[in-house]
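The structure appears below as structure tokens.
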Amino acid sequence: NEKVQWEALGDRLKTWHDKGTVAGYGDVREQVTKVNSEIRQARDIPASDFTVQDELLDRIAAIWLENFYIGEDSGVRVEPYKIHLYGPGGHFEVHRDTPEKDLIGTFLLGLGDTSWSGGLVVDDNTYPAHAGQWVAFFPDTPHKVEELHGGYRAVIAFKLFRSSHRLLSPSSPPLDTETTSSAQIKQHVSELFAEMKAPFGIMLERKYCLGATQLTGFDALLLASAHSLPNVDVHH
């Protein structure tokens, strides 16, 4: 029955939590990993200790490409990162993900959640970690885990990298790189650009690490629209 299943889930999450290693956090300014329970209290299981099927990686790549614009000539490579585990009192202060070369996003897939309150907060929305539920965001998106009161939660974290290949598995069906909605938005933006007199500048929405050469999200769509203008030089 549901009570037995709930208790079994709680026992399983507690076991994972107890066997996980103390989780650190990346200090972007100093480029080091630190451990401080006042900032983050959690446990991790590294990707070397679990496996996922290629079909899941393909599905995650497809979900990302259906919901995020990264440019017309780019694909996505998905890599399992860690299982994040939070128990009673677990939390993680507001932070952004540590930048990496070609890193374009984070995908969190729920494995179970028996907490009474607290949990992941992104853009003022709280997301539970029930099995199969997911949330994805760009690396520069501020997010946090509010303190858990009772129970446990677990998610598999995946990192998404820009790639010349669309999906991980060669057997995956090809998809159109540009969605209908992004094509319509790009067309509209191009029409607006055509009415503007150069030179003009536009502030980008996302934050990028030093050395970044490719844009993501709406920034990438803006750049593509600007490049469609005739006889105009575009710099970024």
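Lettering and numbering for the structure tokens are positional, with chains as A, B, ... in the shown order, residues counted from 1 in each chain, and ligands counted from 1 in the shown order.
By only C-alpha atoms, and with residues fewer than 4 positions from Leu13 of chain A along its chain excluded, the set lying at most 9 Å from it is Ala8, Leu9, His17, Asp18, Leu85, Gly87, Leu111, Gly112, Asp113, Thr114, Gly151, Tyr152, Arg153 and Ala154 of chain A.
Counting only C-alpha atoms, Ala136 of chain A has the following residues at most 10 Å away, ignoring those fewer than 4 positions along the same chain: Ile60, Ile63, Trp64, Asn67, Phe68, Gly105, Thr106, Phe107, Leu108, Leu109, Val122, Thr141, Ala157, Phe158, Lys159 and Leu160 of chain A.
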Run DSSP on the backbone of this structure and report the residues of chain A it assigns to helix (DSSP H, G or I), as an MDAnalysis selection string. chainID A and resid 2:19 47:49 54:67 180:194 217:227
May I ask which of the residues A:Val22, A:Ile39, A:Val76, A:Leu103 is the closest one to Lys144 of chain A, counting only C-alpha atoms?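 Nearest to Lys144 of chain A: A:Ile39.
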Which residue gives the smallest distance to Glu147 of chain A among A:Val234, A:Ala42, A:Ile185, A:Ala23, with only C-alpha atoms counted?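 Checking each candidate against Glu147 of chain A, we get A:Ala42 as the closest.
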Excluding Ser225 of chain A and residues on its chain fewer than 2 positions from it, collect all residues at most 8 Å away from it, counting only C-alpha atoms, and give them as a ChimeraX atom specification. /A:186-187,189-190,193,221-223,227-229
May I have the residues from that selection written out with N, CA, C and O atoms, as an mmCIF file, in the first residue's frame?
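Result file is part12.cif:
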```cif
data_model
loop_
_atom_site.group_PDB
_atom_site.id
_atom_site.type_symbol
_atom_site.label_atom_id
_atom_site.label_comp_id
_atom_site.auth_asym_id
_atom_site.auth_seq_id
_atom_site.Cartn_x
_atom_site.Cartn_y
_atom_site.Cartn_z
ATOM 1 N N LYS A 186 12.988 34.888 -33.595
ATOM 2 C CA LYS A 186 14.136 35.435 -34.320
ATOM 3 C C LYS A 186 13.686 36.313 -35.478
ATOM 4 O O LYS A 186 14.264 37.383 -35.720
ATOM 5 N N GLN A 187 12.639 35.909 -36.172
ATOM 6 C CA GLN A 187 12.104 36.706 -37.269
ATOM 7 C C GLN A 187 11.581 38.046 -36.757
ATOM 8 O O GLN A 187 11.838 39.101 -37.359
ATOM 9 N N VAL A 189 12.489 39.606 -33.958
ATOM 10 C CA VAL A 189 13.625 40.415 -33.511
ATOM 11 C C VAL A 189 14.354 41.011 -34.710
ATOM 12 O O VAL A 189 14.764 42.185 -34.690
ATOM 13 N N SER A 190 14.515 40.247 -35.780
ATOM 14 C CA SER A 190 15.174 40.752 -36.977
ATOM 15 C C SER A 190 14.420 41.932 -37.559
ATOM 16 O O SER A 190 15.027 42.907 -38.023
ATOM 17 N N PHE A 193 15.203 44.879 -35.356
ATOM 18 C CA PHE A 193 16.562 45.353 -35.635
ATOM 19 C C PHE A 193 16.606 46.183 -36.917
ATOM 20 O O PHE A 193 17.330 47.183 -37.010
ATOM 21 N N LEU A 221 19.841 34.004 -29.552
ATOM 22 C CA LEU A 221 18.826 34.333 -30.547
ATOM 23 C C LEU A 221 18.993 35.774 -31.020
ATOM 24 O O LEU A 221 18.867 36.069 -32.212
ATOM 25 N N LEU A 222 19.327 36.678 -30.108
ATOM 26 C CA LEU A 222 19.590 38.064 -30.488
ATOM 27 C C LEU A 222 20.758 38.148 -31.460
ATOM 28 O O LEU A 222 20.709 38.871 -32.465
ATOM 29 N N LEU A 223 21.826 37.411 -31.142
ATOM 30 C CA LEU A 223 23.013 37.437 -31.990
ATOM 31 C C LEU A 223 22.692 36.909 -33.380
ATOM 32 O O LEU A 223 23.122 37.484 -34.394
ATOM 33 N N HIS A 227 22.958 38.983 -36.927
ATOM 34 C CA HIS A 227 23.760 38.526 -38.070
ATOM 35 C C HIS A 227 22.933 38.449 -39.357
ATOM 36 O O HIS A 227 23.502 38.408 -40.454
ATOM 37 N N SER A 228 21.617 38.400 -39.220
ATOM 38 C CA SER A 228 20.766 38.320 -40.409
ATOM 39 C C SER A 228 20.580 39.682 -41.083
ATOM 40 O O SER A 228 20.047 39.767 -42.186
ATOM 41 N N LEU A 229 21.026 40.761 -40.420
ATOM 42 C CA LEU A 229 20.892 42.096 -40.991
ATOM 43 C C LEU A 229 21.877 42.266 -42.151
ATOM 44 O O LEU A 229 23.030 41.874 -42.050
#
```
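Between atom CA of Gln5 of chain A and atom CA of Phe50 of chain A the separation is 23.0 Å.
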Neighbouring residues of segment 197-206 of chain A were defined as those with any atom within 9 Å, considering only C-alpha atoms; residues of the same chain fewer than 6 positions away were excluded. Please report them as a PyMOL selection string. chain A and resi 138+140-141+215-219+222+232
How would the residues just chosen look if you wrote them out with N, CA, C and O atoms as a CSV table (one decimal), in the first residue's frame?
```
chain,number,residue,atom,x,y,z
A,138,PHE,N,20.0,27.5,-16.8
A,138,PHE,CA,21.3,27.9,-17.3
A,138,PHE,C,22.3,28.0,-16.1
A,138,PHE,O,21.8,28.3,-14.9
A,140,ASP,N,24.2,30.3,-15.0
A,140,ASP,CA,24.3,31.5,-14.2
A,140,ASP,C,23.0,31.9,-13.5
A,140,ASP,O,22.9,32.9,-12.9
A,141,THR,N,22.0,30.9,-13.5
A,141,THR,CA,20.8,31.2,-12.8
A,141,THR,C,20.9,31.0,-11.3
A,141,THR,O,21.3,29.9,-10.8
A,215,LEU,N,27.2,32.4,-27.1
A,215,LEU,CA,26.1,32.9,-26.2
A,215,LEU,C,25.0,31.8,-26.1
A,215,LEU,O,25.0,30.8,-26.9
A,216,THR,N,24.1,31.9,-25.1
A,216,THR,CA,23.1,30.9,-24.9
A,216,THR,C,21.8,31.7,-24.7
A,216,THR,O,21.7,32.9,-24.4
A,217,GLY,N,20.7,30.9,-24.8
A,217,GLY,CA,19.3,31.4,-24.5
A,217,GLY,C,19.0,32.6,-25.5
A,217,GLY,O,19.3,32.6,-26.7
A,218,PHE,N,18.3,33.5,-24.9
A,218,PHE,CA,17.8,34.7,-25.8
A,218,PHE,C,19.0,35.5,-26.3
A,218,PHE,O,18.9,36.1,-27.4
A,219,ASP,N,20.1,35.5,-25.6
A,219,ASP,CA,21.3,36.2,-26.1
A,219,ASP,C,21.7,35.6,-27.5
A,219,ASP,O,22.1,36.3,-28.4
A,222,LEU,N,19.3,36.7,-30.1
A,222,LEU,CA,19.6,38.1,-30.5
A,222,LEU,C,20.8,38.1,-31.5
A,222,LEU,O,20.7,38.9,-32.5
A,232,VAL,N,25.7,44.9,-42.1
A,232,VAL,CA,25.9,45.3,-40.8
A,232,VAL,C,27.0,44.4,-40.1
A,232,VAL,O,27.0,43.2,-40.2
```
What separation in Å, quoted to one decimal, exists between atom CA of His236 of chain A and atom CA of Tyr208 of chain A? 11.9 Å
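For the atom pair formed by atom CA of His188 of chain A and atom CA of Val135 of chain A, the distance is 28.4 Å, given to one decimal.
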If you run DSSP on the backbone here, which positions in segment 58-212 of chain A get strand (DSSP E or B)? Please write them as a PyMOL selection string. chain A and resi 75-86+91-95+103-113+119-122+125-127+134-137+143-146+153-163
Tell me, as an MDAnalysis selection string, which residues lie within 10 Å of Pro46 of chain A, counting only C-alpha atoms; anything in the same chain fewer than 6 positions away does not count. chainID A and resid 20:21 80:84 156:157
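Nearest to Arg43 of chain A of all the residues A:Gly90, A:Pro142, A:Gly75, A:Gly150 is A:Gly90, counting only C-alpha atoms.
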In terms of the shortest atom-to-atom distance over only C-alpha atoms, which of A:Val28, A:Val78, A:Val35, A:Ser163 is closest to Leu56 of chain A? A:Val78
Of the listed residues A:Glu93, A:Glu191, A:Glu66, A:Glu2, that which approaches Glu146 of chain A most closely, counting only C-alpha atoms: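 Among the listed residues, the smallest separation from Glu146 of chain A belongs to A:Glu93.
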